[in-house]
>>> print(open('query_2.cif').read())   # mmCIF, C-alpha atoms
data_start
loop_
_atom_site.label_atom_id
_atom_site.label_comp_id
_atom_site.auth_asym_id
_atom_site.auth_seq_id
_atom_site.Cartn_x
_atom_site.Cartn_y
_atom_site.Cartn_z
CA MET A 21 28.92 42.93 10.06
CA SER A 22 29.36 39.19 9.56
CA ARG A 23 25.57 38.80 9.37
CA LEU A 24 24.90 42.01 7.47
CA VAL A 25 26.86 41.09 4.35
CA PRO A 26 25.08 37.75 3.68
CA ALA A 27 21.74 39.43 4.39
CA LEU A 28 22.48 42.17 1.86
CA VAL A 29 23.60 39.58 -0.71
CA LEU A 30 20.35 37.66 -0.23
CA LEU A 31 18.29 40.83 -0.52
CA ALA A 32 20.13 41.75 -3.69
CA SER A 33 19.53 38.39 -5.32
CA PRO A 34 16.03 37.23 -4.46
CA ARG A 35 15.84 34.96 -7.50
CA VAL A 36 18.77 32.91 -6.27
CA ALA A 37 17.71 32.89 -2.63
CA GLN A 38 14.36 31.16 -2.97
CA ALA A 39 12.80 30.27 0.32
CA CYS A 40 11.49 26.95 -0.92
CA ALA A 41 13.08 24.62 -3.44
CA VAL A 42 9.71 23.57 -4.85
CA CYS A 43 8.01 26.99 -4.89
CA PHE A 44 8.19 27.20 -8.67
CA SER A 45 4.66 28.42 -9.16
CA ALA A 46 2.80 31.13 -7.30
CA THR A 47 -0.69 30.21 -8.45
CA GLU A 48 -3.65 29.77 -6.12
CA SER A 49 -4.07 26.11 -7.13
CA ASN A 50 -0.42 25.45 -6.29
CA ARG A 51 -0.85 27.05 -2.87
CA GLY A 52 -3.97 24.96 -2.26
CA ALA A 53 -2.11 21.81 -3.31
CA PHE A 54 0.68 22.55 -0.84
CA ILE A 55 -1.76 23.06 2.02
CA GLY A 56 -3.86 20.04 1.05
CA THR A 57 -0.94 17.63 0.67
CA THR A 58 0.69 18.89 3.88
CA ALA A 59 -2.52 18.20 5.78
CA PHE A 60 -2.88 14.84 4.03
CA LEU A 61 0.66 13.70 4.83
CA THR A 62 0.32 14.91 8.42
CA LEU A 63 -3.01 13.26 9.15
CA LEU A 64 -2.49 9.98 7.27
CA PRO A 65 0.05 8.42 9.70
CA LEU A 66 -1.99 9.63 12.65
CA MET A 67 -5.09 7.97 11.22
CA MET A 68 -3.22 4.72 10.56
CA ILE A 69 -1.69 4.62 14.06
CA GLY A 70 -5.06 5.57 15.54
CA SER A 71 -6.78 2.75 13.64
CA VAL A 72 -4.28 0.15 14.89
CA ALA A 73 -4.56 1.48 18.46
CA TYR A 74 -8.35 1.35 18.29
CA TYR A 75 -8.23 -2.22 16.94
CA VAL A 76 -5.89 -3.29 19.78
CA TYR A 77 -8.21 -1.64 22.31
CA ARG A 78 -11.24 -3.45 20.89
CA ARG A 79 -9.36 -6.76 20.80
CA VAL A 80 -8.28 -6.40 24.43
CA GLN A 81 -11.88 -5.66 25.41
CA GLU A 82 -13.03 -8.72 23.48
CA LEU A 83 -10.42 -11.00 25.10
CA GLU A 84 -11.18 -9.69 28.58
CA GLY A 85 -14.86 -10.33 27.95
CA GLN A 86 -14.06 -13.91 26.96
CA GLU A 87 -11.91 -14.37 30.09
CA ARG A 88 -14.71 -13.10 32.31
CA GLU A 89 -17.17 -15.53 30.71
CA ALA A 90 -14.75 -18.48 31.07
CA MET B 142 22.57 -23.70 30.43
CA GLY B 143 19.03 -24.00 29.12
CA ILE B 144 15.93 -25.05 30.95
CA PRO B 145 15.23 -28.79 30.51
CA VAL B 146 12.30 -29.58 28.23
CA SER B 147 10.27 -31.07 31.06
CA ASP B 148 10.73 -27.89 33.09
CA LYS B 149 9.66 -25.75 30.12
CA ARG B 150 6.44 -27.72 29.98
CA ASP B 151 5.98 -27.10 33.66
CA LEU B 152 6.48 -23.37 33.12
CA ARG B 153 3.82 -23.43 30.42
CA LEU B 154 1.46 -25.07 32.88
CA ILE B 155 2.11 -22.32 35.40
CA HIS B 156 1.74 -19.57 32.78
CA PRO B 157 -0.73 -20.84 30.18
CA ALA B 158 -0.81 -19.04 26.82
CA SER B 159 -4.23 -17.65 27.63
CA SER B 160 -2.91 -15.76 30.67
CA ARG B 161 -3.07 -11.98 30.62
CA GLU B 162 0.68 -11.57 30.06
CA ASP B 163 1.03 -14.09 27.24
CA ARG B 164 -2.12 -13.63 25.19
CA GLN B 165 -1.62 -12.52 21.61
CA ILE B 166 -3.63 -9.45 20.69
CA ILE B 167 -2.49 -9.44 17.05
CA PRO B 168 -0.56 -12.37 15.49
CA SER B 169 3.08 -11.42 14.84
CA GLU B 170 2.83 -12.07 11.09
CA VAL B 171 -0.22 -9.83 10.76
CA LEU B 172 1.25 -7.05 12.92
CA GLY B 173 4.47 -7.10 10.91
CA MET B 174 2.52 -6.86 7.67
CA VAL B 175 0.32 -4.04 9.00
CA LEU B 176 3.42 -2.02 9.92
CA PHE B 177 4.98 -2.73 6.53
CA ILE B 178 1.80 -1.72 4.71
CA GLY B 179 1.78 1.49 6.77
CA THR B 180 5.20 2.42 5.39
CA GLU B 181 4.04 1.52 1.89
CA VAL B 182 0.97 3.73 2.24
CA MET B 183 3.27 6.63 3.15
CA LEU B 184 5.49 5.90 0.14
CA PHE B 185 2.55 6.15 -2.25
CA ALA B 186 1.10 9.12 -0.35
CA GLY B 187 4.41 10.96 -0.80
CA MET B 188 4.51 10.28 -4.53
CA ILE B 189 0.87 11.26 -5.01
CA SER B 190 1.45 14.46 -3.02
CA ALA B 191 4.47 15.42 -5.14
CA TYR B 192 2.45 14.71 -8.29
CA THR B 193 -0.48 16.80 -7.02
CA VAL B 194 1.76 19.79 -6.25
CA VAL B 195 3.53 19.67 -9.61
CA ARG B 196 0.25 19.23 -11.49
CA ALA B 197 -1.35 22.12 -9.59
CA GLY B 198 1.58 24.35 -10.51
CA MET B 199 1.01 23.84 -14.24
CA PRO B 200 -1.34 25.95 -16.33
CA VAL B 201 -4.71 24.26 -16.86
CA ASP B 202 -4.13 23.69 -20.59
CA ALA B 203 -0.60 22.33 -20.04
CA TRP B 204 -1.58 19.12 -18.26
CA PRO B 205 -1.39 16.67 -19.94
CA PRO B 206 1.28 18.54 -21.94
CA PRO B 207 0.33 19.26 -25.55
CA GLY B 208 1.97 16.93 -28.02
CA GLN B 209 2.38 14.07 -25.57
CA PRO B 210 0.30 10.88 -25.77
CA ARG B 211 -2.87 10.60 -23.69
CA LEU B 212 -3.22 7.80 -21.16
CA PRO B 213 -5.63 5.01 -22.13
CA ILE B 214 -8.43 5.70 -19.63
CA MET B 215 -10.93 3.08 -20.79
CA LEU B 216 -8.43 0.25 -21.15
CA THR B 217 -7.06 0.98 -17.68
CA ALA B 218 -10.60 1.17 -16.28
CA PHE B 219 -11.10 -2.40 -17.52
CA ASN B 220 -7.73 -3.32 -16.03
CA THR B 221 -8.82 -1.78 -12.72
CA LEU B 222 -11.88 -4.02 -12.74
CA LEU B 223 -9.62 -7.03 -13.29
CA LEU B 224 -7.53 -6.11 -10.25
CA LEU B 225 -10.58 -5.40 -8.09
CA ALA B 226 -12.00 -8.78 -9.12
CA SER B 227 -8.70 -10.33 -8.09
CA GLY B 228 -9.05 -8.74 -4.65
CA GLY B 229 -12.63 -10.01 -4.37
CA VAL B 230 -11.58 -13.56 -5.25
CA MET B 231 -8.76 -13.36 -2.69
CA TRP B 232 -11.28 -12.29 -0.05
CA HIS B 233 -13.38 -15.32 -1.05
CA ALA B 234 -10.25 -17.49 -0.64
CA GLY B 235 -9.87 -16.19 2.90
CA ARG B 236 -13.41 -17.24 3.72
CA LYS B 237 -12.89 -20.66 2.16
CA TYR B 238 -9.78 -21.18 4.28
CA ALA B 239 -12.02 -21.43 7.34
CA GLU B 240 -13.68 -24.49 5.78
CA GLY B 241 -10.33 -26.16 5.13
CA PHE B 242 -7.07 -24.91 3.63
CA GLU B 243 -7.45 -27.08 0.51
CA LYS B 244 -10.67 -25.28 -0.42
CA SER B 245 -8.86 -21.95 -0.65
CA VAL B 246 -6.23 -23.12 -3.17
CA LYS B 247 -8.36 -22.66 -6.29
CA PRO B 248 -9.62 -19.18 -5.38
CA VAL B 249 -6.05 -18.06 -4.61
CA MET B 250 -4.88 -19.35 -7.99
CA ALA B 251 -7.79 -17.60 -9.73
CA SER B 252 -6.90 -14.39 -7.91
CA LEU B 253 -3.27 -14.72 -9.00
CA ALA B 254 -4.34 -15.34 -12.60
CA LEU B 255 -6.36 -12.10 -12.54
CA GLY B 256 -3.35 -10.31 -11.06
CA VAL B 257 -1.10 -11.62 -13.83
CA ALA B 258 -3.69 -10.52 -16.43
CA PHE B 259 -3.60 -7.03 -14.89
CA LEU B 260 0.17 -6.91 -15.21
CA LEU B 261 0.16 -8.18 -18.79
CA LEU B 262 -2.40 -5.59 -19.83
CA GLN B 263 -0.38 -2.91 -18.12
CA GLY B 264 2.74 -4.09 -19.93
CA TYR B 265 0.85 -3.80 -23.23
CA GLU B 266 -0.24 -0.28 -22.25
CA TRP B 267 3.32 0.72 -21.37
CA ALA B 268 4.67 -0.64 -24.64
CA ASN B 269 2.14 1.47 -26.56
CA LEU B 270 2.92 4.62 -24.55
CA LEU B 271 6.68 4.16 -24.97
CA GLY B 272 6.11 3.64 -28.70
CA GLU B 273 4.18 6.92 -28.84
CA GLY B 274 7.06 8.77 -27.17
CA LEU B 275 6.03 8.96 -23.51
CA THR B 276 9.20 8.20 -21.55
CA MET B 277 10.69 9.04 -18.15
CA GLN B 278 12.80 11.71 -19.87
CA ALA B 279 9.86 13.28 -21.72
CA GLY B 280 9.06 15.61 -18.83
CA PRO B 281 7.23 15.64 -15.48
CA TYR B 282 4.16 13.99 -17.06
CA GLY B 283 6.06 10.90 -18.18
CA SER B 284 8.31 10.86 -15.13
CA PHE B 285 5.43 10.82 -12.67
CA PHE B 286 3.44 8.33 -14.70
CA PHE B 287 6.22 5.76 -14.89
CA LEU B 288 7.38 6.40 -11.33
CA ILE B 289 3.97 6.01 -9.68
CA VAL B 290 2.48 3.33 -11.91
CA GLY B 291 5.84 1.55 -12.12
CA THR B 292 6.19 1.43 -8.34
CA HIS B 293 2.74 -0.10 -8.11
CA ALA B 294 3.57 -2.62 -10.84
CA LEU B 295 6.73 -3.58 -8.95
CA HIS B 296 4.65 -4.20 -5.84
CA ALA B 297 2.19 -6.29 -7.85
CA ILE B 298 5.03 -8.39 -9.33
CA ILE B 299 6.59 -9.01 -5.90
CA ALA B 300 3.18 -9.83 -4.39
CA ILE B 301 2.41 -12.31 -7.18
CA LEU B 302 5.80 -14.02 -6.77
CA ILE B 303 5.36 -14.32 -2.99
CA LEU B 304 1.76 -15.49 -3.34
CA SER B 305 2.83 -18.10 -5.92
CA VAL B 306 5.25 -19.59 -3.38
CA ALA B 307 2.55 -19.29 -0.71
CA THR B 308 0.07 -21.14 -2.94
CA TYR B 309 2.55 -23.98 -3.30
CA ARG B 310 2.88 -24.13 0.49
CA LEU B 311 -0.88 -23.80 0.90
CA ARG B 312 -1.45 -26.86 -1.29
CA ALA B 313 1.02 -28.78 0.84
CA GLY B 314 -0.74 -27.63 4.00
CA GLU B 315 2.41 -25.86 5.22
CA LEU B 316 1.10 -22.28 5.26
CA SER B 317 -0.12 -21.08 8.65
CA GLU B 318 -3.43 -19.27 8.96
CA HIS B 319 -1.75 -16.08 10.18
CA GLY B 320 0.83 -16.23 7.40
CA PHE B 321 -1.99 -16.55 4.87
CA THR B 322 -3.82 -13.61 6.47
CA ALA B 323 -0.68 -11.45 6.30
CA LEU B 324 -0.08 -12.27 2.62
CA ARG B 325 -3.71 -11.60 1.76
CA ALA B 326 -3.43 -8.25 3.54
CA PHE B 327 -0.53 -7.30 1.25
CA TRP B 328 -2.54 -8.26 -1.82
CA TYR B 329 -5.49 -6.20 -0.55
CA PHE B 330 -3.09 -3.26 -0.26
CA VAL B 331 -1.87 -3.73 -3.85
CA VAL B 332 -5.49 -3.94 -5.02
CA GLY B 333 -6.78 -1.14 -2.79
CA VAL B 334 -4.16 1.46 -3.66
CA TRP B 335 -4.63 1.07 -7.42
CA PRO B 336 -8.05 2.83 -7.78
CA VAL B 337 -6.55 5.82 -5.94
CA LEU B 338 -3.61 5.90 -8.34
CA TYR B 339 -5.93 5.50 -11.33
CA TRP B 340 -8.09 8.38 -10.13
CA GLN B 341 -5.10 10.64 -9.49
CA VAL B 342 -2.89 9.81 -12.47
CA TYR B 343 -5.28 8.81 -15.26
CA LEU B 344 -8.39 10.95 -14.66
#
>>> encode(input="query_2.cif", output="structure tokens")
Amino acid sequence: MSRLVPALVLLASPRVAQACAVCFSATESNRGAFIGTTAFLTLLPLMMIGSVAYYVYRRVQELEGQEREA
Amino acid sequence: MGIPVSDKRDLRLIHPASSREDRQIIPSEVLGMVLFIGTEVMLFAGMISAYTVVRAGMPVDAWPPPGQPRLPIMLTAFNTLLLLASGGVMWHAGRKYAEGFEKSVKPVMASLALGVAFLLLQGYEWANLLGEGLTMQAGPYGSFFFLIVGTHALHAIIAILILSVATYRLRAGELSEHGFTALRAFWYFVVGVWPVLYWQVYL
């Protein structure tokens, strides 16, 4: 009962109970923008961290090569 | 109780800086700046993403909103060239540093002058837009424009102030190579992020 009442209230007022605070437009371009920017914001930090990790790996290889030659 | 200086020297002899444990993969100044720039990239990425979503939610003929001033595309394209030139001159300064720190002073100052010219032209552009009625309160168009472009301008101002102090230290021979590299990296970020903002906001 304690769960049923809020559920019924939400069902009765779908305009108030929006699932997403920024879902103000239901157009196809808006949907594409959401997907695109989500992918962008997810991949960007991974790419940056990956780039730094790759640079460190290359630098270690380079230094070890120098140590072997010395 | 610290280790006596003579003993410290002895420790260095046992563990020279070139040993596997002590070698520096990335200088601390450069690593710190890379991490900072990473957070800055995410800041601008967040703003651009919010702008993209809001713009995509508008009807095609409602962006830019009718009745609101249009952004000066050609003037800002010229301004973009000024900033890119500034980045190019800064890159040249980095190369000159290898020949002697004093040889990089003039290119750094030229780069700063181009950066200041960029800011002045942007200030002129803002004054015109404000005069035509485009403000932060005018709607999402004005809000996003001033937020995104303003954040970049703030970064450019801070970078120019820091680089001005750095130039003074560079002339005195007090700026380390790694410190100079880190500061140049920040300027490259300010220069590099602008064409993306121009493409997203102006075009």
>>> resolve_selection(input="query_2.cif", expression="the PyMOL selection byres ((chain A) within 6 of (chain B))", output="short mmCIF file (atom, residue, chain, number, x, y, z; two decimals) with C-alpha atoms, keeping the file's coordinate frame")
data_model
loop_
_atom_site.label_atom_id
_atom_site.label_comp_id
_atom_site.auth_asym_id
_atom_site.auth_seq_id
_atom_site.Cartn_x
_atom_site.Cartn_y
_atom_site.Cartn_z
CA SER A 45 4.66 28.42 -9.16
CA SER A 49 -4.07 26.11 -7.13
CA ASN A 50 -0.42 25.45 -6.29
CA ALA A 53 -2.11 21.81 -3.31
CA THR A 57 -0.94 17.63 0.67
#
>>> atom_distance(input="query_2.cif", atom1="CA of Tyr77 (chain A)", atom2="CA of Pro168 (chain B)")
14.8 Å
>>> closest_residue(input="query_2.cif", among="B:Leu223, B:Leu324, B:Ala203, B:Ala218", to="Leu311 (chain B)", atoms="all atoms listed in the file")
B:Leu324
>>> residues_around(input="query_2.cif", residues="Thr292 (chain B)", least_positions_apart="4", cutoff="10 Å", atoms="all atoms listed in the file", output="ChimeraX atom specification")
/B:184-185,188,286-288,296-298
>>> residues_around(input="query_2.cif", residues="Gly241 (chain B)", least_positions_apart="5", cutoff="12 Å", atoms="all atoms listed in the file", output="PyMOL selection string")
chain B and resi 234-236+246+311-312+314+317-318
>>> resolve_selection(input="query_2.cif", expression="the PyMOL selection byres ((chain B and resi 326) around 10)", output="NGL selection string")
:B and (171 or 174-175 or 178 or 228 or 231-232 or 320-325 or 327-332)
>>> atom_distance(input="query_2.cif", atom1="CA of Leu64 (chain A)", atom2="CA of Leu295 (chain B)")
23.1 Å
>>> atom_distance(input="query_2.cif", atom1="CA of Pro205 (chain B)", atom2="CA of Tyr265 (chain B)")
20.9 Å
>>> residues_near_point(input="query_2.cif", point="(0.7, -20.8, -4.7)", cutoff="12 Å", atoms="all atoms listed in the file", output="ChimeraX atom specification")
/B:243,245-254,300-316,321,324
>>> closest_residue(input="query_2.cif", among="B:Thr217, B:Glu240, B:Pro207, B:Asp202", to="Trp340 (chain B)", atoms="all atoms listed in the file")
B:Thr217
>>> build_atoms(input="query_2.cif", residues="region 182-198 of chain B", atoms="N, CA, C and O atoms", output="compact mmCIF listing (two decimals), keeping the file's coordinate frame")
# COMPACT_ATOMS: atom_id res chain seq x y z
N VAL B 182 2.00 2.70 2.43
CA VAL B 182 0.97 3.73 2.24
C VAL B 182 1.63 5.11 2.21
O VAL B 182 1.31 5.96 1.36
N MET B 183 2.59 5.33 3.12
CA MET B 183 3.27 6.63 3.15
C MET B 183 4.11 6.85 1.90
O MET B 183 4.24 7.98 1.42
N LEU B 184 4.71 5.78 1.38
CA LEU B 184 5.49 5.90 0.14
C LEU B 184 4.60 6.39 -1.00
O LEU B 184 4.94 7.37 -1.69
N PHE B 185 3.46 5.75 -1.17
CA PHE B 185 2.55 6.15 -2.25
C PHE B 185 1.94 7.52 -1.98
O PHE B 185 1.73 8.31 -2.91
N ALA B 186 1.66 7.81 -0.70
CA ALA B 186 1.10 9.12 -0.35
C ALA B 186 2.10 10.23 -0.70
O ALA B 186 1.71 11.29 -1.20
N GLY B 187 3.38 9.98 -0.46
CA GLY B 187 4.41 10.96 -0.80
C GLY B 187 4.48 11.20 -2.30
O GLY B 187 4.55 12.35 -2.76
N MET B 188 4.43 10.13 -3.06
CA MET B 188 4.51 10.28 -4.53
C MET B 188 3.27 11.00 -5.07
O MET B 188 3.37 11.87 -5.94
N ILE B 189 2.11 10.62 -4.54
CA ILE B 189 0.87 11.26 -5.01
C ILE B 189 0.87 12.75 -4.62
O ILE B 189 0.42 13.61 -5.40
N SER B 190 1.40 13.06 -3.45
CA SER B 190 1.45 14.46 -3.02
C SER B 190 2.36 15.28 -3.93
O SER B 190 2.02 16.39 -4.34
N ALA B 191 3.54 14.71 -4.24
CA ALA B 191 4.47 15.42 -5.14
C ALA B 191 3.82 15.63 -6.50
O ALA B 191 3.90 16.72 -7.09
N TYR B 192 3.14 14.62 -6.99
CA TYR B 192 2.45 14.71 -8.29
C TYR B 192 1.37 15.79 -8.25
O TYR B 192 1.24 16.60 -9.18
N THR B 193 0.61 15.82 -7.15
CA THR B 193 -0.48 16.80 -7.02
C THR B 193 0.07 18.22 -7.03
O THR B 193 -0.48 19.11 -7.69
N VAL B 194 1.18 18.45 -6.31
CA VAL B 194 1.76 19.79 -6.25
C VAL B 194 2.28 20.22 -7.62
O VAL B 194 2.02 21.34 -8.08
N VAL B 195 2.98 19.32 -8.29
CA VAL B 195 3.53 19.67 -9.61
C VAL B 195 2.40 19.92 -10.61
O VAL B 195 2.42 20.89 -11.37
N ARG B 196 1.39 19.08 -10.56
CA ARG B 196 0.25 19.23 -11.49
C ARG B 196 -0.49 20.55 -11.22
O ARG B 196 -0.90 21.23 -12.16
N ALA B 197 -0.64 20.87 -9.94
CA ALA B 197 -1.35 22.12 -9.59
C ALA B 197 -0.56 23.36 -10.00
O ALA B 197 -1.14 24.43 -10.18
N GLY B 198 0.75 23.21 -10.12
CA GLY B 198 1.58 24.35 -10.51
C GLY B 198 1.60 24.61 -12.01
O GLY B 198 2.13 25.61 -12.47
